[in-house]
$ cat query_37.cif   # mmCIF, C-alpha atoms; chains and numbers go by the auth columns
data_data
loop_
_atom_site.group_PDB
_atom_site.id
_atom_site.type_symbol
_atom_site.label_atom_id
_atom_site.label_comp_id
_atom_site.label_asym_id
_atom_site.label_seq_id
_atom_site.Cartn_x
_atom_site.Cartn_y
_atom_site.Cartn_z
_atom_site.B_iso_or_equiv
_atom_site.auth_seq_id
_atom_site.auth_asym_id
ATOM 1 C CA MET A 1 10.529 -2.393 8.551 0.00 1 A
ATOM 2 C CA LEU A 2 10.643 -0.475 5.298 0.00 2 A
ATOM 3 C CA ASP A 3 11.941 2.837 6.616 0.00 3 A
ATOM 4 C CA GLY A 4 15.389 2.342 5.088 0.00 4 A
ATOM 5 C CA TRP A 5 14.385 0.954 1.697 0.00 5 A
ATOM 6 C CA ARG A 6 16.154 3.743 -0.163 0.00 6 A
ATOM 7 C CA ASP A 7 19.470 2.438 1.209 0.00 7 A
ATOM 8 C CA TRP A 8 18.858 -1.144 0.071 0.00 8 A
ATOM 9 C CA ASN A 9 20.150 -2.733 -3.102 0.00 9 A
ATOM 10 C CA LEU A 10 16.786 -3.345 -4.767 0.00 10 A
ATOM 11 C CA ASN A 11 15.766 -4.620 -8.161 0.00 11 A
ATOM 12 C CA PRO A 12 15.098 -1.514 -10.333 0.00 12 A
ATOM 13 C CA ARG A 13 11.414 -2.439 -10.761 0.00 13 A
ATOM 14 C CA VAL A 14 10.939 -2.824 -7.001 0.00 14 A
ATOM 15 C CA ARG A 15 12.734 0.472 -6.379 0.00 15 A
ATOM 16 C CA ALA A 16 10.528 2.195 -8.971 0.00 16 A
ATOM 17 C CA ALA A 17 7.416 0.723 -7.329 0.00 17 A
ATOM 18 C CA PHE A 18 8.527 1.949 -3.895 0.00 18 A
ATOM 19 C CA GLU A 19 9.334 5.394 -5.309 0.00 19 A
ATOM 20 C CA LEU A 20 5.886 5.662 -6.858 0.00 20 A
ATOM 21 C CA LEU A 21 4.169 4.504 -3.670 0.00 21 A
ATOM 22 C CA ALA A 22 6.232 6.857 -1.519 0.00 22 A
ATOM 23 C CA LYS A 23 5.392 9.843 -3.692 0.00 23 A
ATOM 24 C CA ARG A 24 1.714 8.860 -3.784 0.00 24 A
ATOM 25 C CA ALA A 25 1.632 8.517 0.002 0.00 25 A
ATOM 26 C CA ALA A 26 3.337 11.878 0.520 0.00 26 A
ATOM 27 C CA GLY A 27 0.934 13.734 -1.746 0.00 27 A
ATOM 28 C CA PRO A 28 -1.103 12.068 -4.485 0.00 28 A
ATOM 29 C CA SER A 29 -1.698 15.400 -6.186 0.00 29 A
ATOM 30 C CA ASP A 30 2.085 15.713 -6.644 0.00 30 A
ATOM 31 C CA LEU A 31 2.242 12.705 -8.975 0.00 31 A
ATOM 32 C CA ARG A 32 3.181 13.746 -12.500 0.00 32 A
ATOM 33 C CA LYS A 33 3.442 12.050 -15.881 0.00 33 A
ATOM 34 C CA GLU A 34 7.212 11.942 -15.401 0.00 34 A
ATOM 35 C CA ASP A 35 6.796 9.757 -12.293 0.00 35 A
ATOM 36 C CA PHE A 36 4.926 7.176 -14.328 0.00 36 A
ATOM 37 C CA ASP A 37 7.397 7.485 -17.206 0.00 37 A
ATOM 38 C CA ARG A 38 10.274 6.690 -14.782 0.00 38 A
ATOM 39 C CA ALA A 39 8.368 3.681 -13.435 0.00 39 A
ATOM 40 C CA ARG A 40 7.790 2.404 -16.967 0.00 40 A
ATOM 41 C CA ALA A 41 11.455 2.983 -17.880 0.00 41 A
ATOM 42 C CA ALA A 42 12.408 0.836 -14.860 0.00 42 A
ATOM 43 C CA GLY A 43 10.296 -2.002 -16.245 0.00 43 A
ATOM 44 C CA LEU A 44 6.876 -1.551 -14.652 0.00 44 A
ATOM 45 C CA THR A 45 3.991 -2.161 -17.024 0.00 45 A
ATOM 46 C CA ASP A 46 0.824 -0.095 -16.971 0.00 46 A
ATOM 47 C CA SER A 47 -0.931 -3.106 -15.471 0.00 47 A
ATOM 48 C CA ALA A 48 1.672 -3.330 -12.691 0.00 48 A
ATOM 49 C CA ILE A 49 1.333 0.395 -11.981 0.00 49 A
ATOM 50 C CA TYR A 50 -2.446 0.049 -11.813 0.00 50 A
ATOM 51 C CA ASP A 51 -2.120 -2.904 -9.412 0.00 51 A
ATOM 52 C CA LEU A 52 0.406 -1.021 -7.299 0.00 52 A
ATOM 53 C CA LEU A 53 -1.821 2.029 -6.945 0.00 53 A
ATOM 54 C CA SER A 54 -4.875 -0.148 -6.265 0.00 54 A
ATOM 55 C CA ILE A 55 -3.062 -1.947 -3.470 0.00 55 A
ATOM 56 C CA GLY A 56 -1.932 1.385 -2.029 0.00 56 A
ATOM 57 C CA PHE A 57 -5.517 2.612 -2.130 0.00 57 A
ATOM 58 C CA MET A 58 -6.763 -0.513 -0.351 0.00 58 A
ATOM 59 C CA PHE A 59 -4.188 -0.119 2.412 0.00 59 A
ATOM 60 C CA ASP A 60 -5.223 3.522 2.861 0.00 60 A
ATOM 61 C CA LEU A 61 -8.887 2.576 2.972 0.00 61 A
ATOM 62 C CA ILE A 62 -8.345 -0.234 5.452 0.00 62 A
ATOM 63 C CA ASN A 63 -6.220 2.010 7.689 0.00 63 A
ATOM 64 C CA ARG A 64 -8.865 4.711 7.695 0.00 64 A
ATOM 65 C CA LEU A 65 -11.643 2.233 8.466 0.00 65 A
ATOM 66 C CA ALA A 66 -9.523 0.748 11.246 0.00 66 A
ATOM 67 C CA ASN A 67 -9.053 4.224 12.698 0.00 67 A
ATOM 68 C CA VAL A 68 -12.778 4.952 12.536 0.00 68 A
ATOM 69 C CA PHE A 69 -13.701 1.686 14.243 0.00 69 A
ATOM 70 C CA GLY A 70 -10.963 1.941 16.849 0.00 70 A
ATOM 71 C CA TYR A 71 -8.738 -0.923 15.754 0.00 71 A
ATOM 72 C CA THR A 72 -5.107 -0.684 16.697 0.00 72 A
ATOM 73 C CA THR A 73 -2.012 -2.832 16.784 0.00 73 A
ATOM 74 C CA VAL A 74 -0.086 -0.735 19.278 0.00 74 A
ATOM 75 C CA ASP A 75 -1.161 -2.834 22.256 0.00 75 A
ATOM 76 C CA GLU A 76 -1.825 -6.518 22.819 0.00 76 A
ATOM 77 C CA GLN A 77 -5.605 -6.110 22.980 0.00 77 A
ATOM 78 C CA GLY A 78 -5.646 -4.321 19.620 0.00 78 A
ATOM 79 C CA GLN A 79 -3.346 -6.911 18.082 0.00 79 A
ATOM 80 C CA ARG A 80 -5.618 -9.744 19.218 0.00 80 A
ATOM 81 C CA LYS A 81 -8.752 -7.963 17.976 0.00 81 A
ATOM 82 C CA THR A 82 -7.176 -7.247 14.593 0.00 82 A
ATOM 83 C CA ALA A 83 -5.830 -10.801 14.263 0.00 83 A
ATOM 84 C CA ALA A 84 -9.275 -12.247 15.062 0.00 84 A
ATOM 85 C CA ILE A 85 -10.913 -10.162 12.353 0.00 85 A
ATOM 86 C CA LEU A 86 -8.246 -11.000 9.782 0.00 86 A
ATOM 87 C CA HIS A 87 -8.651 -14.677 10.600 0.00 87 A
ATOM 88 C CA ARG A 88 -12.459 -14.433 10.346 0.00 88 A
ATOM 89 C CA ILE A 89 -12.372 -12.828 6.894 0.00 89 A
ATOM 90 C CA GLY A 90 -9.661 -15.201 5.681 0.00 90 A
ATOM 91 C CA TYR A 91 -7.122 -12.425 5.109 0.00 91 A
ATOM 92 C CA LYS A 92 -9.111 -11.294 2.054 0.00 92 A
ATOM 93 C CA VAL A 93 -10.469 -7.927 1.116 0.00 93 A
ATOM 94 C CA PRO A 94 -14.144 -7.916 2.138 0.00 94 A
ATOM 95 C CA GLY A 95 -16.389 -8.343 -0.899 0.00 95 A
ATOM 96 C CA PHE A 96 -18.361 -5.163 -0.220 0.00 96 A
ATOM 97 C CA LEU A 97 -15.153 -3.167 -0.793 0.00 97 A
ATOM 98 C CA LEU A 98 -14.730 -4.694 -4.255 0.00 98 A
ATOM 99 C CA ARG A 99 -18.171 -3.865 -5.606 0.00 99 A
#
$ encode --input "query_37.cif" --output "structure tokens"
Amino acid sequence: MLDGWRDWNLNPRVRAAFELLAKRAAGPSDLRKEDFDRARAAGLTDSAIYDLLSIGFMFDLINRLANVFGYTTVDEQGQRKTAAILHRIGYKVPGFLLR
């Protein structure tokens, strides 16, 4: 759904958040001070940047765990299995991941 976000008319803060996430996803080691300076200039606070990167990390972690345990959403069986687990945990991050 988000493949064309660069072509959308987005709020500058949202665009800055997407830019930061895209660069982080492409190569975290490529992030530079200037990337964070641009995000701040667009209106993102340090707290918002921290939250953004934390959420990105959690998505990465969950995707990697899903891969390890064989969860998928590319077929109906995988979608049902994933939905059942999400329902069981109440759509929350499991507590053991937050310790």
$ atom_distance --input "query_37.cif" --atom1 "atom CA of Arg38 of chain A" --atom2 "atom CA of Asp3 of chain A"
21.8 Å
$ resolve_selection --input "query_37.cif" --expression "the PyMOL selection byres ((chain A and resi 11-20) around 9)" --output "list in words"
Trp5, Arg6, Asn9, Leu10, Leu21, Ala22, Lys23, Arg24, Ala25, Leu31, Asp35, Phe36, Arg38, Ala39, Arg40, Ala41, Ala42, Gly43, Leu44, Ala48, Ile49, Leu52 and Leu53 of chain A
$ atom_distance --input "query_37.cif" --atom1 "atom CA of Asn63 of chain A" --atom2 "atom CA of Arg80 of chain A"
16.5 Å
$ atom_distance --input "query_37.cif" --atom1 "atom CA of Gly56 of chain A" --atom2 "atom CA of Ala26 of chain A"
12.0 Å
$ closest_atom_pairs --input "query_37.cif" --of "segment 28-70 of chain A" --to "segment 90-94 of chain A" --cutoff "12 Å" --atoms "only C-alpha atoms" --output "JSON lines"
{"residue": "A:Ile55", "atom": "CA", "partner": "A:Val93", "partner_atom": "CA", "distance": 10.6}
{"residue": "A:Met58", "atom": "CA", "partner": "A:Val93", "partner_atom": "CA", "distance": 8.4}
{"residue": "A:Phe59", "atom": "CA", "partner": "A:Val93", "partner_atom": "CA", "distance": 10.1}
{"residue": "A:Leu61", "atom": "CA", "partner": "A:Val93", "partner_atom": "CA", "distance": 10.8}
{"residue": "A:Ile62", "atom": "CA", "partner": "A:Val93", "partner_atom": "CA", "distance": 9.1}
$ axis_aligned_box --input "query_37.cif" --around "segment 65-84 of chain A" --padding-each-side "3 Å" --output "AutoDock Vina command-line options"
--center_x -6.9 --center_y -3.6 --center_z 15.7 --size_x 19.6 --size_y 23.2 --size_z 20.5
$ closest_residue --input "query_37.cif" --among "A:Asp37, A:Phe69, A:Pro28, A:Ala84" --to "Phe57 of chain A" --atoms "all atoms listed in the file"
A:Pro28
$ build_atoms --input "query_37.cif" --residues "segment 23-48 of chain A" --atoms "N, CA and C atoms" --output "PDB file, in the frame of the given file"
ATOM      1  N   LYS A  23       5.852   8.536  -3.219  1.00  0.00           N
ATOM      2  CA  LYS A  23       5.392   9.843  -3.692  1.00  0.00           C
ATOM      3  C   LYS A  23       3.874   9.957  -3.571  1.00  0.00           C
ATOM      4  N   ARG A  24       3.167   8.883  -3.895  1.00  0.00           N
ATOM      5  CA  ARG A  24       1.714   8.860  -3.784  1.00  0.00           C
ATOM      6  C   ARG A  24       1.280   9.055  -2.333  1.00  0.00           C
ATOM      7  N   ALA A  25       1.980   8.405  -1.414  1.00  0.00           N
ATOM      8  CA  ALA A  25       1.632   8.517   0.002  1.00  0.00           C
ATOM      9  C   ALA A  25       1.907   9.921   0.531  1.00  0.00           C
ATOM     10  N   ALA A  26       2.973  10.541   0.050  1.00  0.00           N
ATOM     11  CA  ALA A  26       3.337  11.878   0.520  1.00  0.00           C
ATOM     12  C   ALA A  26       2.373  12.941   0.012  1.00  0.00           C
ATOM     13  N   GLY A  27       1.847  12.751  -1.173  1.00  0.00           N
ATOM     14  CA  GLY A  27       0.934  13.734  -1.746  1.00  0.00           C
ATOM     15  C   GLY A  27       0.475  13.304  -3.112  1.00  0.00           C
ATOM     16  N   PRO A  28      -0.634  12.589  -3.196  1.00  0.00           N
ATOM     17  CA  PRO A  28      -1.103  12.068  -4.485  1.00  0.00           C
ATOM     18  C   PRO A  28      -1.214  13.131  -5.569  1.00  0.00           C
ATOM     19  N   SER A  29      -1.546  14.346  -5.179  1.00  0.00           N
ATOM     20  CA  SER A  29      -1.698  15.400  -6.186  1.00  0.00           C
ATOM     21  C   SER A  29      -0.349  15.828  -6.767  1.00  0.00           C
ATOM     22  N   ASP A  30       0.753  15.380  -6.137  1.00  0.00           N
ATOM     23  CA  ASP A  30       2.085  15.713  -6.644  1.00  0.00           C
ATOM     24  C   ASP A  30       2.572  14.748  -7.717  1.00  0.00           C
ATOM     25  N   LEU A  31       1.846  13.655  -7.932  1.00  0.00           N
ATOM     26  CA  LEU A  31       2.242  12.705  -8.975  1.00  0.00           C
ATOM     27  C   LEU A  31       2.120  13.359 -10.348  1.00  0.00           C
ATOM     28  N   ARG A  32       3.142  13.165 -11.164  1.00  0.00           N
ATOM     29  CA  ARG A  32       3.181  13.746 -12.500  1.00  0.00           C
ATOM     30  C   ARG A  32       3.435  12.650 -13.533  1.00  0.00           C
ATOM     31  N   LYS A  33       3.208  12.977 -14.776  1.00  0.00           N
ATOM     32  CA  LYS A  33       3.442  12.050 -15.881  1.00  0.00           C
ATOM     33  C   LYS A  33       4.869  11.501 -15.820  1.00  0.00           C
ATOM     34  N   GLU A  34       5.815  12.345 -15.463  1.00  0.00           N
ATOM     35  CA  GLU A  34       7.212  11.942 -15.401  1.00  0.00           C
ATOM     36  C   GLU A  34       7.443  10.818 -14.382  1.00  0.00           C
ATOM     37  N   ASP A  35       6.671  10.822 -13.290  1.00  0.00           N
ATOM     38  CA  ASP A  35       6.796   9.757 -12.293  1.00  0.00           C
ATOM     39  C   ASP A  35       6.416   8.407 -12.896  1.00  0.00           C
ATOM     40  N   PHE A  36       5.366   8.413 -13.684  1.00  0.00           N
ATOM     41  CA  PHE A  36       4.926   7.176 -14.328  1.00  0.00           C
ATOM     42  C   PHE A  36       5.878   6.779 -15.452  1.00  0.00           C
ATOM     43  N   ASP A  37       6.416   7.776 -16.155  1.00  0.00           N
ATOM     44  CA  ASP A  37       7.397   7.485 -17.206  1.00  0.00           C
ATOM     45  C   ASP A  37       8.639   6.811 -16.612  1.00  0.00           C
ATOM     46  N   ARG A  38       9.113   7.297 -15.442  1.00  0.00           N
ATOM     47  CA  ARG A  38      10.274   6.690 -14.782  1.00  0.00           C
ATOM     48  C   ARG A  38       9.960   5.255 -14.355  1.00  0.00           C
ATOM     49  N   ALA A  39       8.758   5.031 -13.850  1.00  0.00           N
ATOM     50  CA  ALA A  39       8.368   3.681 -13.435  1.00  0.00           C
ATOM     51  C   ALA A  39       8.347   2.746 -14.640  1.00  0.00           C
ATOM     52  N   ARG A  40       7.810   3.224 -15.747  1.00  0.00           N
ATOM     53  CA  ARG A  40       7.790   2.404 -16.967  1.00  0.00           C
ATOM     54  C   ARG A  40       9.205   2.136 -17.470  1.00  0.00           C
ATOM     55  N   ALA A  41      10.070   3.146 -17.425  1.00  0.00           N
ATOM     56  CA  ALA A  41      11.455   2.983 -17.880  1.00  0.00           C
ATOM     57  C   ALA A  41      12.206   1.951 -17.021  1.00  0.00           C
ATOM     58  N   ALA A  42      11.784   1.817 -15.760  1.00  0.00           N
ATOM     59  CA  ALA A  42      12.408   0.836 -14.860  1.00  0.00           C
ATOM     60  C   ALA A  42      11.852  -0.564 -15.074  1.00  0.00           C
ATOM     61  N   GLY A  43      10.823  -0.680 -15.922  1.00  0.00           N
ATOM     62  CA  GLY A  43      10.296  -2.002 -16.245  1.00  0.00           C
ATOM     63  C   GLY A  43       8.900  -2.302 -15.737  1.00  0.00           C
ATOM     64  N   LEU A  44       8.248  -1.325 -15.106  1.00  0.00           N
ATOM     65  CA  LEU A  44       6.876  -1.551 -14.652  1.00  0.00           C
ATOM     66  C   LEU A  44       5.913  -1.355 -15.817  1.00  0.00           C
ATOM     67  N   THR A  45       5.017  -2.286 -15.986  1.00  0.00           N
ATOM     68  CA  THR A  45       3.991  -2.161 -17.024  1.00  0.00           C
ATOM     69  C   THR A  45       2.854  -1.295 -16.499  1.00  0.00           C
ATOM     70  N   ASP A  46       1.997  -0.855 -17.398  1.00  0.00           N
ATOM     71  CA  ASP A  46       0.824  -0.095 -16.971  1.00  0.00           C
ATOM     72  C   ASP A  46      -0.046  -0.932 -16.039  1.00  0.00           C
ATOM     73  N   SER A  47      -0.151  -2.213 -16.320  1.00  0.00           N
ATOM     74  CA  SER A  47      -0.931  -3.106 -15.471  1.00  0.00           C
ATOM     75  C   SER A  47      -0.323  -3.193 -14.070  1.00  0.00           C
ATOM     76  N   ALA A  48       0.997  -3.274 -13.988  1.00  0.00           N
ATOM     77  CA  ALA A  48       1.672  -3.330 -12.691  1.00  0.00           C
ATOM     78  C   ALA A  48       1.476  -2.030 -11.919  1.00  0.00           C
TER      79      ALA A  48
END
